[in-house]
file run_7.pdb (PDB, C-alpha atoms and all ligand atoms)
ATOM      1  CA  MET A   1      13.702 -15.412  -2.110
ATOM      2  CA  ALA A   2      10.061 -15.566  -0.948
ATOM      3  CA  ASP A   3       9.065 -18.023   1.768
ATOM      4  CA  TRP A   4       6.979 -20.019  -0.690
ATOM      5  CA  ASP A   5       9.888 -20.185  -3.127
ATOM      6  CA  LYS A   6      12.038 -21.547  -0.320
ATOM      7  CA  MET A   7       9.333 -24.077   0.477
ATOM      8  CA  ARG A   8       9.706 -25.612  -2.998
ATOM      9  CA  HIS A   9      13.116 -26.865  -1.878
ATOM     10  CA  VAL A  10      12.186 -28.276   1.530
ATOM     11  CA  PRO A  11      11.295 -31.945   2.152
ATOM     12  CA  ARG A  12       7.810 -33.119   1.122
ATOM     13  CA  SER A  13       7.156 -34.328   4.700
ATOM     14  CA  TYR A  14       7.488 -30.739   5.953
ATOM     15  CA  LEU A  15       5.041 -29.429   3.321
ATOM     16  CA  THR A  16       2.563 -32.167   4.257
ATOM     17  CA  GLU A  17       2.855 -31.131   7.887
ATOM     18  CA  VAL A  18       2.230 -27.461   6.952
ATOM     19  CA  HIS A  19      -0.799 -28.345   4.839
ATOM     20  CA  LYS A  20      -2.248 -30.370   7.695
ATOM     21  CA  ARG A  21      -1.746 -27.468  10.096
ATOM     22  CA  VAL A  22      -3.321 -24.686   8.000
ATOM     23  CA  ALA A  23      -6.570 -24.787   6.043
ATOM     24  CA  PRO A  24      -6.820 -23.678   2.382
ATOM     25  CA  LYS A  25      -6.446 -19.924   1.974
ATOM     26  CA  ARG A  26     -10.139 -19.446   1.098
ATOM     27  CA  GLU A  27     -11.087 -20.810   4.512
ATOM     28  CA  ARG A  28      -8.417 -18.799   6.319
ATOM     29  CA  ILE A  29      -8.938 -15.349   4.803
ATOM     30  CA  ARG A  30     -11.970 -14.407   6.954
ATOM     31  CA  PRO A  31     -10.378 -15.273  10.315
ATOM     32  CA  VAL A  32      -7.077 -13.730   9.164
ATOM     33  CA  ILE A  33      -8.772 -10.383   8.422
ATOM     34  CA  ASP A  34     -10.855 -10.474  11.613
ATOM     35  CA  LEU A  35      -7.896 -11.289  13.851
ATOM     36  CA  LEU A  36      -5.694  -8.623  12.253
ATOM     37  CA  ALA A  37      -8.526  -6.089  12.583
ATOM     38  CA  ALA A  38      -8.884  -6.909  16.289
ATOM     39  CA  GLU A  39      -5.117  -6.713  16.771
ATOM     40  CA  HIS A  40      -4.627  -3.425  14.875
ATOM     41  CA  GLN A  41      -7.766  -1.412  15.526
ATOM     42  CA  ASP A  42      -5.900   1.793  14.769
ATOM     43  CA  ALA A  43      -4.673   0.632  11.343
ATOM     44  CA  ALA A  44      -5.248   3.462   8.885
ATOM     45  CA  ILE A  45      -3.406   5.514   6.328
ATOM     46  CA  ALA A  46      -0.551   7.409   8.001
ATOM     47  CA  LEU A  47      -0.525  10.295   5.497
ATOM     48  CA  ARG A  48      -2.177  13.508   6.699
ATOM     49  CA  PHE A  49      -4.563  15.294   4.332
ATOM     50  CA  ARG A  50      -7.731  17.399   4.468
ATOM     51  CA  SER A  51      -9.065  17.099   0.922
ATOM     52  CA  PRO A  52      -8.931  14.786  -2.123
ATOM     53  CA  LEU A  53      -6.307  17.121  -3.640
ATOM     54  CA  GLU A  54      -4.080  16.901  -0.556
ATOM     55  CA  LEU A  55      -4.588  13.128  -0.511
ATOM     56  CA  LEU A  56      -3.506  12.830  -4.145
ATOM     57  CA  VAL A  57      -0.447  15.044  -3.650
ATOM     58  CA  SER A  58       0.585  13.190  -0.467
ATOM     59  CA  VAL A  59       0.363   9.801  -2.154
ATOM     60  CA  MET A  60       2.329  11.064  -5.174
ATOM     61  CA  LEU A  61       5.034  12.390  -2.853
ATOM     62  CA  SER A  62       5.168   9.167  -0.826
ATOM     63  CA  ALA A  63       6.939   7.168  -3.554
ATOM     64  CA  GLN A  64      10.325   5.959  -2.283
ATOM     65  CA  THR A  65      10.039   7.705   1.090
ATOM     66  CA  THR A  66       8.275   7.329   4.426
ATOM     67  CA  ASP A  67       4.832   8.668   5.306
ATOM     68  CA  VAL A  68       6.398  10.509   8.253
ATOM     69  CA  ASN A  69       8.719  12.331   5.881
ATOM     70  CA  VAL A  70       5.853  13.245   3.544
ATOM     71  CA  ASN A  71       3.785  14.598   6.453
ATOM     72  CA  ARG A  72       6.722  16.738   7.533
ATOM     73  CA  VAL A  73       6.929  18.271   4.051
ATOM     74  CA  THR A  74       3.198  18.665   3.419
ATOM     75  CA  THR A  75       2.575  20.488   6.711
ATOM     76  CA  LYS A  76       4.186  23.548   5.082
ATOM     77  CA  LEU A  77       3.417  22.669   1.468
ATOM     78  CA  PHE A  78      -0.354  22.628   1.919
ATOM     79  CA  GLU A  79      -0.308  26.080   3.467
ATOM     80  CA  LYS A  80       1.299  27.459   0.310
ATOM     81  CA  TYR A  81      -0.380  25.273  -2.346
ATOM     82  CA  ARG A  82      -4.113  25.126  -1.815
ATOM     83  CA  ARG A  83      -5.496  24.777  -5.359
ATOM     84  CA  PRO A  84      -4.172  23.099  -8.538
ATOM     85  CA  GLU A  85      -3.420  26.574  -9.932
ATOM     86  CA  ASP A  86      -0.981  27.229  -7.079
ATOM     87  CA  TYR A  87       1.306  24.437  -8.304
ATOM     88  CA  LEU A  88       1.486  26.111 -11.720
ATOM     89  CA  ALA A  89       1.867  29.649 -10.401
ATOM     90  CA  VAL A  90       5.438  28.929  -9.273
ATOM     91  CA  THR A  91       8.417  27.779 -11.315
ATOM     92  CA  GLN A  92       9.317  24.114 -11.521
ATOM     93  CA  GLU A  93      12.472  24.933  -9.502
ATOM     94  CA  GLU A  94      10.502  26.538  -6.673
ATOM     95  CA  LEU A  95       8.206  23.530  -6.411
ATOM     96  CA  GLU A  96      11.259  21.252  -6.476
ATOM     97  CA  ARG A  97      12.708  23.151  -3.521
ATOM     98  CA  ASP A  98       9.429  22.871  -1.605
ATOM     99  CA  ILE A  99       9.258  19.076  -1.993
ATOM    100  CA  PHE A 100      13.025  18.438  -1.988
ATOM    101  CA  ALA A 101      13.018  16.449   1.281
ATOM    102  CA  THR A 102      10.740  13.735  -0.179
ATOM    103  CA  GLY A 103      13.445  12.685  -2.667
ATOM    104  CA  PHE A 104      13.159  12.251  -6.446
ATOM    105  CA  TYR A 105      12.015  15.861  -6.338
ATOM    106  CA  ARG A 106      12.538  16.577 -10.056
ATOM    107  CA  GLN A 107      10.308  13.754 -11.261
ATOM    108  CA  LYS A 108       7.774  14.426  -8.522
ATOM    109  CA  ALA A 109       7.574  18.171  -9.271
ATOM    110  CA  LYS A 110       7.128  17.415 -12.966
ATOM    111  CA  ALA A 111       4.406  14.857 -12.248
ATOM    112  CA  LEU A 112       2.622  17.216  -9.845
ATOM    113  CA  ARG A 113       2.590  20.065 -12.354
ATOM    114  CA  GLY A 114       1.389  17.771 -15.155
ATOM    115  CA  THR A 115      -1.333  16.399 -12.905
ATOM    116  CA  MET A 116      -2.492  19.872 -11.854
ATOM    117  CA  GLN A 117      -2.612  20.937 -15.491
ATOM    118  CA  ARG A 118      -4.845  17.990 -16.342
ATOM    119  CA  LEU A 119      -7.087  18.531 -13.293
ATOM    120  CA  ILE A 120      -7.680  22.101 -14.437
ATOM    121  CA  GLU A 121      -8.196  21.219 -18.114
ATOM    122  CA  PHE A 122     -10.421  18.159 -17.741
ATOM    123  CA  HIS A 123     -11.874  18.073 -14.221
ATOM    124  CA  ASP A 124     -12.632  21.670 -13.198
ATOM    125  CA  GLY A 125      -9.724  21.548 -10.760
ATOM    126  CA  GLU A 126     -11.195  18.556  -8.860
ATOM    127  CA  VAL A 127      -9.673  15.131  -8.314
ATOM    128  CA  PRO A 128     -11.706  12.661 -10.413
ATOM    129  CA  THR A 129     -13.416   9.752  -8.684
ATOM    130  CA  GLU A 130     -13.191   7.398 -11.698
ATOM    131  CA  PHE A 131     -10.254   5.007 -11.451
ATOM    132  CA  ASP A 132      -9.474   5.217 -15.184
ATOM    133  CA  GLU A 133      -9.354   9.015 -15.019
ATOM    134  CA  LEU A 134      -6.962   8.870 -12.056
ATOM    135  CA  LEU A 135      -4.667   6.645 -14.110
ATOM    136  CA  LYS A 136      -4.540   9.267 -16.859
ATOM    137  CA  LEU A 137      -2.958  11.814 -14.503
ATOM    138  CA  PRO A 138       0.799  12.184 -15.137
ATOM    139  CA  GLY A 139       2.840  10.234 -12.579
ATOM    140  CA  VAL A 140      -0.201   8.404 -11.196
ATOM    141  CA  ALA A 141       0.257   4.638 -11.450
ATOM    142  CA  ARG A 142      -2.039   1.875 -10.262
ATOM    143  CA  LYS A 143      -0.780   1.920  -6.656
ATOM    144  CA  THR A 144      -1.432   5.665  -6.249
ATOM    145  CA  ALA A 145      -4.862   5.378  -7.890
ATOM    146  CA  ASN A 146      -5.685   2.454  -5.596
ATOM    147  CA  VAL A 147      -4.737   4.374  -2.440
ATOM    148  CA  VAL A 148      -6.684   7.481  -3.499
ATOM    149  CA  SER A 149      -9.782   5.475  -4.456
ATOM    150  CA  ALA A 150      -9.706   3.408  -1.270
ATOM    151  CA  GLU A 151      -9.387   6.461   0.979
ATOM    152  CA  ARG A 152     -12.362   8.023  -0.791
ATOM    153  CA  GLY A 153     -14.485   4.953  -0.017
ATOM    154  CA  ASN A 154     -14.405   3.614  -3.564
ATOM    155  CA  ALA A 155     -11.718   0.905  -3.549
ATOM    156  CA  GLN A 156     -11.141  -0.497  -7.023
ATOM    157  CA  GLY A 157      -8.320  -2.834  -6.131
ATOM    158  CA  ILE A 158      -5.937  -3.743  -3.330
ATOM    159  CA  VAL A 159      -2.816  -1.709  -2.646
ATOM    160  CA  VAL A 160       0.304  -3.882  -2.774
ATOM    161  CA  ASP A 161       3.376  -2.399  -1.124
ATOM    162  CA  THR A 162       6.420  -4.144   0.300
ATOM    163  CA  HIS A 163       4.599  -5.216   3.510
ATOM    164  CA  VAL A 164       1.492  -6.479   1.689
ATOM    165  CA  ARG A 165       3.716  -8.421  -0.679
ATOM    166  CA  ARG A 166       5.869 -10.012   2.057
ATOM    167  CA  LEU A 167       2.985 -10.895   4.376
ATOM    168  CA  SER A 168       0.759 -12.236   1.589
ATOM    169  CA  GLN A 169       3.577 -14.557   0.569
ATOM    170  CA  ARG A 170       4.307 -15.658   4.126
ATOM    171  CA  MET A 171       0.625 -16.290   4.818
ATOM    172  CA  GLY A 172       0.398 -18.368   1.642
ATOM    173  CA  LEU A 173      -2.167 -16.040   0.033
ATOM    174  CA  THR A 174      -0.078 -15.759  -3.150
ATOM    175  CA  ARG A 175       2.970 -17.351  -4.726
ATOM    176  CA  GLN A 176       3.554 -14.414  -7.038
ATOM    177  CA  GLU A 177       6.403 -11.888  -6.914
ATOM    178  CA  ASP A 178       5.042  -9.231  -9.250
ATOM    179  CA  PRO A 179       2.794  -6.690  -7.436
ATOM    180  CA  VAL A 180       0.195  -6.698 -10.238
ATOM    181  CA  LYS A 181      -0.109 -10.494 -10.067
ATOM    182  CA  ILE A 182      -0.188 -10.401  -6.247
ATOM    183  CA  GLU A 183      -3.026  -7.879  -6.413
ATOM    184  CA  ARG A 184      -4.876 -10.151  -8.843
ATOM    185  CA  ASP A 185      -4.597 -13.076  -6.385
ATOM    186  CA  LEU A 186      -5.732 -10.924  -3.451
ATOM    187  CA  ILE A 187      -8.697  -9.487  -5.351
ATOM    188  CA  ARG A 188      -9.929 -13.053  -5.954
ATOM    189  CA  LEU A 189      -9.503 -13.920  -2.286
ATOM    190  CA  VAL A 190     -10.293 -10.882  -0.128
ATOM    191  CA  PRO A 191     -13.994  -9.890   0.124
ATOM    192  CA  ARG A 192     -14.611  -6.599  -1.689
ATOM    193  CA  ALA A 193     -15.864  -4.916   1.488
ATOM    194  CA  ASP A 194     -12.368  -5.414   2.936
ATOM    195  CA  TRP A 195     -10.315  -4.192  -0.047
ATOM    196  CA  ALA A 196      -9.676  -0.746   1.467
ATOM    197  CA  ARG A 197      -8.656  -1.822   4.969
ATOM    198  CA  PHE A 198      -6.816  -5.042   4.053
ATOM    199  CA  PRO A 199      -3.540  -3.272   3.055
ATOM    200  CA  HIS A 200      -3.585  -1.153   6.233
ATOM    201  CA  LEU A 201      -3.956  -4.303   8.354
ATOM    202  CA  MET A 202      -1.085  -5.994   6.527
ATOM    203  CA  ILE A 203       1.135  -2.894   6.685
ATOM    204  CA  TRP A 204       0.606  -2.390  10.408
ATOM    205  CA  HIS A 205       1.051  -6.102  11.118
ATOM    206  CA  GLY A 206       4.225  -6.038   9.030
ATOM    207  CA  ARG A 207       5.610  -3.103  10.978
ATOM    208  CA  ARG A 208       4.633  -4.302  14.448
ATOM    209  CA  VAL A 209       4.822  -8.109  14.340
ATOM    210  CA  CYS A 210       5.744  -9.742  11.039
ATOM    211  CA  ASP A 211       9.066  -7.967  10.603
ATOM    212  CA  ALA A 212      10.948  -8.555   7.339
ATOM    213  CA  ARG A 213      14.023 -10.001   9.073
ATOM    214  CA  ARG A 214      12.684 -11.281  12.368
ATOM    215  CA  PRO A 215       8.973 -12.108  12.360
ATOM    216  CA  ARG A 216       7.736 -12.287  15.947
ATOM    217  CA  CYS A 217       5.573 -15.384  15.430
ATOM    218  CA  GLU A 218       5.323 -15.974  19.190
ATOM    219  CA  GLU A 219       3.310 -12.692  19.441
ATOM    220  CA  CYS A 220       1.222 -13.280  16.306
ATOM    221  CA  PRO A 221      -2.475 -14.206  16.531
ATOM    222  CA  LEU A 222      -2.157 -16.142  13.254
ATOM    223  CA  ALA A 223       0.731 -18.297  14.432
ATOM    224  CA  LEU A 224      -0.972 -21.523  15.448
ATOM    225  CA  ASP A 225      -3.176 -22.495  12.524
ATOM    226  CA  LEU A 226      -3.540 -19.557  10.107
ATOM    227  CA  CYS A 227      -0.014 -18.977   8.812
ATOM    228  CA  PRO A 228       2.010 -21.633   6.988
ATOM    229  CA  SER A 229       5.260 -19.750   7.689
ATOM    230  CA  SER A 230       4.764 -19.663  11.463
ATOM    231  CA  ARG A 231       7.764 -20.660  13.550
ATOM    232  CA  VAL A 232       5.444 -21.538  16.415
ATOM    233  CA  ARG A 233       4.141 -25.093  16.488
ATOM    234  CA  GLY A 234       0.912 -26.031  18.263
TER
HETATM  235  S1  LIG B   1       2.925 -16.354  12.140
HETATM  236 FE1  LIG B   1       4.929 -15.388  11.878
HETATM  237  S2  LIG B   1       5.316 -15.403   9.671
HETATM  238 FE2  LIG B   1       3.123 -15.760   9.974
HETATM  239  S3  LIG B   1       2.155 -13.738   9.849
HETATM  240 FE3  LIG B   1       2.585 -14.147  12.001
HETATM  241  S4  LIG B   1       4.594 -13.233  12.400
HETATM  242 FE4  LIG B   1       4.348 -13.425  10.172
END

call {"tool": "encode", "arguments": {"input": "run_7.pdb", "output": "structure tokens"}}
result
Amino acid sequence: MADWDKMRHVPRSYLTEVHKRVAPKRERIRPVIDLLAAEHQDAAIALRFRSPLELLVSVMLSAQTTDVNVNRVTTKLFEKYRRPEDYLAVTQEELERDIFATGFYRQKAKALRGTMQRLIEFHDGEVPTEFDELLKLPGVARKTANVVSAERGNAQGIVVDTHVRRLSQRMGLTRQEDPVKIERDLIRLVPRADWARFPHLMIWHGRRVCDARRPRCEECPLALDLCPSSRVRG
């Protein structure tokens, strides 16, 4: 159950106290972003890539696995597969073996080959910059298209992963559960210039401080007056 869902069942006096302590989310979003940016100056995508094609492949492989695991696999993969044609020059089984360690290798190999086919047929072997064209690539959903666009300096939305979802709920930036609805709330709230870096800040803060099970509020720069879920009281 999300923190805000839990809060529906707590006494009204507690909610009044929380509302007195933190300002409305529109007033908090700027200082929240600035403090997280100061705290996590190294926050950036953890996937390693050297081109838009490698970026796209890495993000497609990252579904249901860690970035560290993807980097381990792509170190070798990108030496062997340099152009879209390379993914079609081998059998499906060979590609499956080469990406096996990322999990869900059958679906991922199929999606990669379908995507490469479309890149060759419709985009001269290049990764398109248009968001709608990215979404037409087999196996590329909104989250993947968002990551690729953001890393290319053309963010069209806000990436919502498990950390972004949990932290947005804890910080009272959304009451939604569904990632698409959470993204809609964040797009209305977060200034467009921050769309690309906002997920990185949330992800790194989620990993280092606002842990899923044991948030370390006593170490958090948002604890006193910027987070309604803070366990620290001023
Ligand atoms: S104050 Fe606590 S719950 Fe809120 S963002 Fe910081 S660590 Fe997470």

call {"tool": "residues_near_ligand", "arguments": {"input": "run_7.pdb", "ligand": "ligand LIG 1 (chain B)", "cutoff": "10 Å", "atoms": "only C-alpha atoms and all ligand atoms", "output": "VMD selection string"}}
result
chain A and resid 3 32 36 166 to 172 202 205 to 206 208 to 212 214 to 233

call {"tool": "resolve_selection", "arguments": {"input": "run_7.pdb", "expression": "the PyMOL selection byres (((chain A and resi 49) around 12) and not hetatm)", "output": "MDAnalysis selection string"}}
result
chainID A and resid 45:48 50:59 67 70:75 77:79 82 148 151:152

call {"tool": "closest_residue", "arguments": {"input": "run_7.pdb", "among": "A:Glu39, A:Ala63, A:Pro31, A:Ile120", "to": "A:Gln107", "atoms": "all atoms listed in the file"}}
result
A:Ala63

call {"tool": "atom_distance", "arguments": {"input": "run_7.pdb", "atom1": "atom CA of A:Asp42", "atom2": "atom CA of A:Pro128"}}
result
28.0 Å

call {"tool": "resolve_selection", "arguments": {"input": "run_7.pdb", "expression": "the PyMOL selection byres (((chain A and resi 116) around 8) and not hetatm)", "output": "list in words"}}
result
Pro84, Glu85, Tyr87, Leu88, Leu112, Arg113, Gly114, Thr115, Gln117, Arg118, Leu119, Ile120 and Gly125 of chain A

call {"tool": "atom_distance", "arguments": {"input": "run_7.pdb", "atom1": "atom CA of A:Val190", "atom2": "atom CA of A:Trp204"}}
result
17.4 Å

call {"tool": "closest_residue", "arguments": {"input": "run_7.pdb", "among": "A:Gln156, A:Val164, A:Met60, A:Tyr105", "to": "A:Ala141", "atoms": "only C-alpha atoms"}}
result
A:Met60

call {"tool": "closest_residue", "arguments": {"input": "run_7.pdb", "among": "A:Ala111, A:Leu134, A:Ala37, A:Leu173", "to": "A:Arg188", "atoms": "all atoms listed in the file"}}
result
A:Leu173

call {"tool": "resolve_selection", "arguments": {"input": "run_7.pdb", "expression": "the PyMOL selection byres (((chain A and resi 198) around 10) and not hetatm)", "output": "list of chain:residue names"}}
result
A:Ile33, A:Leu36, A:Ala37, A:Ala43, A:Ala44, A:Ile158, A:Val159, A:Val160, A:Val164, A:Leu186, A:Val190, A:Pro191, A:Arg192, A:Ala193, A:Asp194, A:Trp195, A:Ala196, A:Arg197, A:Pro199, A:His200, A:Leu201, A:Met202, A:Ile203

call {"tool": "atom_distance", "arguments": {"input": "run_7.pdb", "atom1": "atom CA of A:Tyr81", "atom2": "atom CA of A:Asp161"}}
result
28.0 Å

call {"tool": "residues_around", "arguments": {"input": "run_7.pdb", "residues": "A:Glu96", "least_positions_apart": "3", "cutoff": "7 Å", "atoms": "all atoms listed in the file", "output": "PDB file with C-alpha atoms, keeping the file's coordinate frame"}}
result
ATOM      1  CA  GLN A  92       9.317  24.114 -11.521  1.00  0.00           C
ATOM      2  CA  GLU A  93      12.472  24.933  -9.502  1.00  0.00           C
ATOM      3  CA  ILE A  99       9.258  19.076  -1.993  1.00  0.00           C
ATOM      4  CA  PHE A 100      13.025  18.438  -1.988  1.00  0.00           C
ATOM      5  CA  TYR A 105      12.015  15.861  -6.338  1.00  0.00           C
ATOM      6  CA  ARG A 106      12.538  16.577 -10.056  1.00  0.00           C
ATOM      7  CA  ALA A 109       7.574  18.171  -9.271  1.00  0.00           C
TER       8      ALA A 109
END

call {"tool": "build_atoms", "arguments": {"input": "run_7.pdb", "residues": "stretch 210-220 of chain A", "atoms": "all heavy atoms", "output": "short mmCIF file (atom, residue, chain, number, x, y, z; two decimals), in the frame of the given file"}}
result
data_model
loop_
_atom_site.label_atom_id
_atom_site.label_comp_id
_atom_site.auth_asym_id
_atom_site.auth_seq_id
_atom_site.Cartn_x
_atom_site.Cartn_y
_atom_site.Cartn_z
N CYS A 210 5.14 -8.87 12.05
CA CYS A 210 5.74 -9.74 11.04
C CYS A 210 6.88 -9.00 10.33
O CYS A 210 6.82 -8.73 9.13
CB CYS A 210 4.68 -10.22 10.06
SG CYS A 210 5.25 -11.57 9.02
N ASP A 211 7.90 -8.71 11.09
CA ASP A 211 9.07 -7.97 10.60
C ASP A 211 9.75 -8.71 9.44
O ASP A 211 9.76 -9.93 9.40
CB ASP A 211 10.04 -7.82 11.78
CG ASP A 211 11.25 -7.02 11.42
OD1 ASP A 211 11.15 -5.79 11.39
OD2 ASP A 211 12.31 -7.63 11.16
N ALA A 212 10.33 -7.94 8.52
CA ALA A 212 10.95 -8.56 7.34
C ALA A 212 12.06 -9.53 7.74
O ALA A 212 12.16 -10.63 7.19
CB ALA A 212 11.51 -7.46 6.43
N ARG A 213 12.88 -9.14 8.70
CA ARG A 213 14.02 -10.00 9.07
C ARG A 213 13.70 -10.96 10.20
O ARG A 213 14.15 -12.09 10.20
CB ARG A 213 15.21 -9.13 9.49
CG ARG A 213 15.76 -8.38 8.33
CD ARG A 213 17.18 -7.95 8.60
NE ARG A 213 17.64 -7.13 7.51
CZ ARG A 213 18.45 -6.12 7.63
NH1 ARG A 213 18.92 -5.80 8.81
NH2 ARG A 213 18.83 -5.41 6.59
N ARG A 214 12.95 -10.45 11.19
CA ARG A 214 12.68 -11.28 12.37
C ARG A 214 11.20 -11.26 12.71
O ARG A 214 10.77 -10.52 13.60
CB ARG A 214 13.48 -10.77 13.58
CG ARG A 214 14.97 -11.08 13.52
CD ARG A 214 15.67 -10.54 14.75
NE ARG A 214 15.04 -11.03 15.98
CZ ARG A 214 15.32 -12.19 16.54
NH1 ARG A 214 16.19 -13.00 15.99
NH2 ARG A 214 14.73 -12.55 17.64
N PRO A 215 10.40 -12.06 12.03
CA PRO A 215 8.97 -12.11 12.36
C PRO A 215 8.78 -12.62 13.79
O PRO A 215 9.41 -13.60 14.18
CB PRO A 215 8.40 -13.09 11.33
CG PRO A 215 9.56 -13.87 10.83
CD PRO A 215 10.76 -12.98 10.93
N ARG A 216 7.95 -11.89 14.56
CA ARG A 216 7.74 -12.29 15.95
C ARG A 216 6.52 -13.22 16.03
O ARG A 216 5.44 -12.83 16.52
CB ARG A 216 7.55 -11.04 16.81
CG ARG A 216 8.85 -10.27 17.00
CD ARG A 216 8.69 -9.10 17.94
NE ARG A 216 8.07 -7.97 17.29
CZ ARG A 216 8.69 -7.12 16.48
NH1 ARG A 216 9.97 -7.29 16.19
NH2 ARG A 216 8.05 -6.12 15.92
N CYS A 217 6.69 -14.43 15.52
CA CYS A 217 5.57 -15.38 15.43
C CYS A 217 4.98 -15.68 16.82
O CYS A 217 3.78 -15.92 16.94
CB CYS A 217 6.03 -16.68 14.77
SG CYS A 217 6.68 -16.44 13.11
N GLU A 218 5.82 -15.66 17.84
CA GLU A 218 5.32 -15.97 19.19
C GLU A 218 4.32 -14.93 19.68
O GLU A 218 3.54 -15.19 20.59
CB GLU A 218 6.48 -16.15 20.18
CG GLU A 218 7.39 -14.97 20.40
CD GLU A 218 8.32 -14.63 19.22
OE1 GLU A 218 8.39 -15.41 18.26
OE2 GLU A 218 8.94 -13.55 19.27
N GLU A 219 4.29 -13.74 19.05
CA GLU A 219 3.31 -12.69 19.44
C GLU A 219 2.16 -12.60 18.44
O GLU A 219 1.30 -11.73 18.57
CB GLU A 219 4.00 -11.32 19.46
CG GLU A 219 5.08 -11.17 20.49
CD GLU A 219 5.84 -9.86 20.30
OE1 GLU A 219 5.29 -8.92 19.70
OE2 GLU A 219 7.00 -9.82 20.73
N CYS A 220 2.15 -13.44 17.42
CA CYS A 220 1.22 -13.28 16.31
C CYS A 220 -0.06 -14.09 16.51
O CYS A 220 0.01 -15.30 16.78
CB CYS A 220 1.91 -13.71 15.02
SG CYS A 220 0.86 -13.53 13.58
#
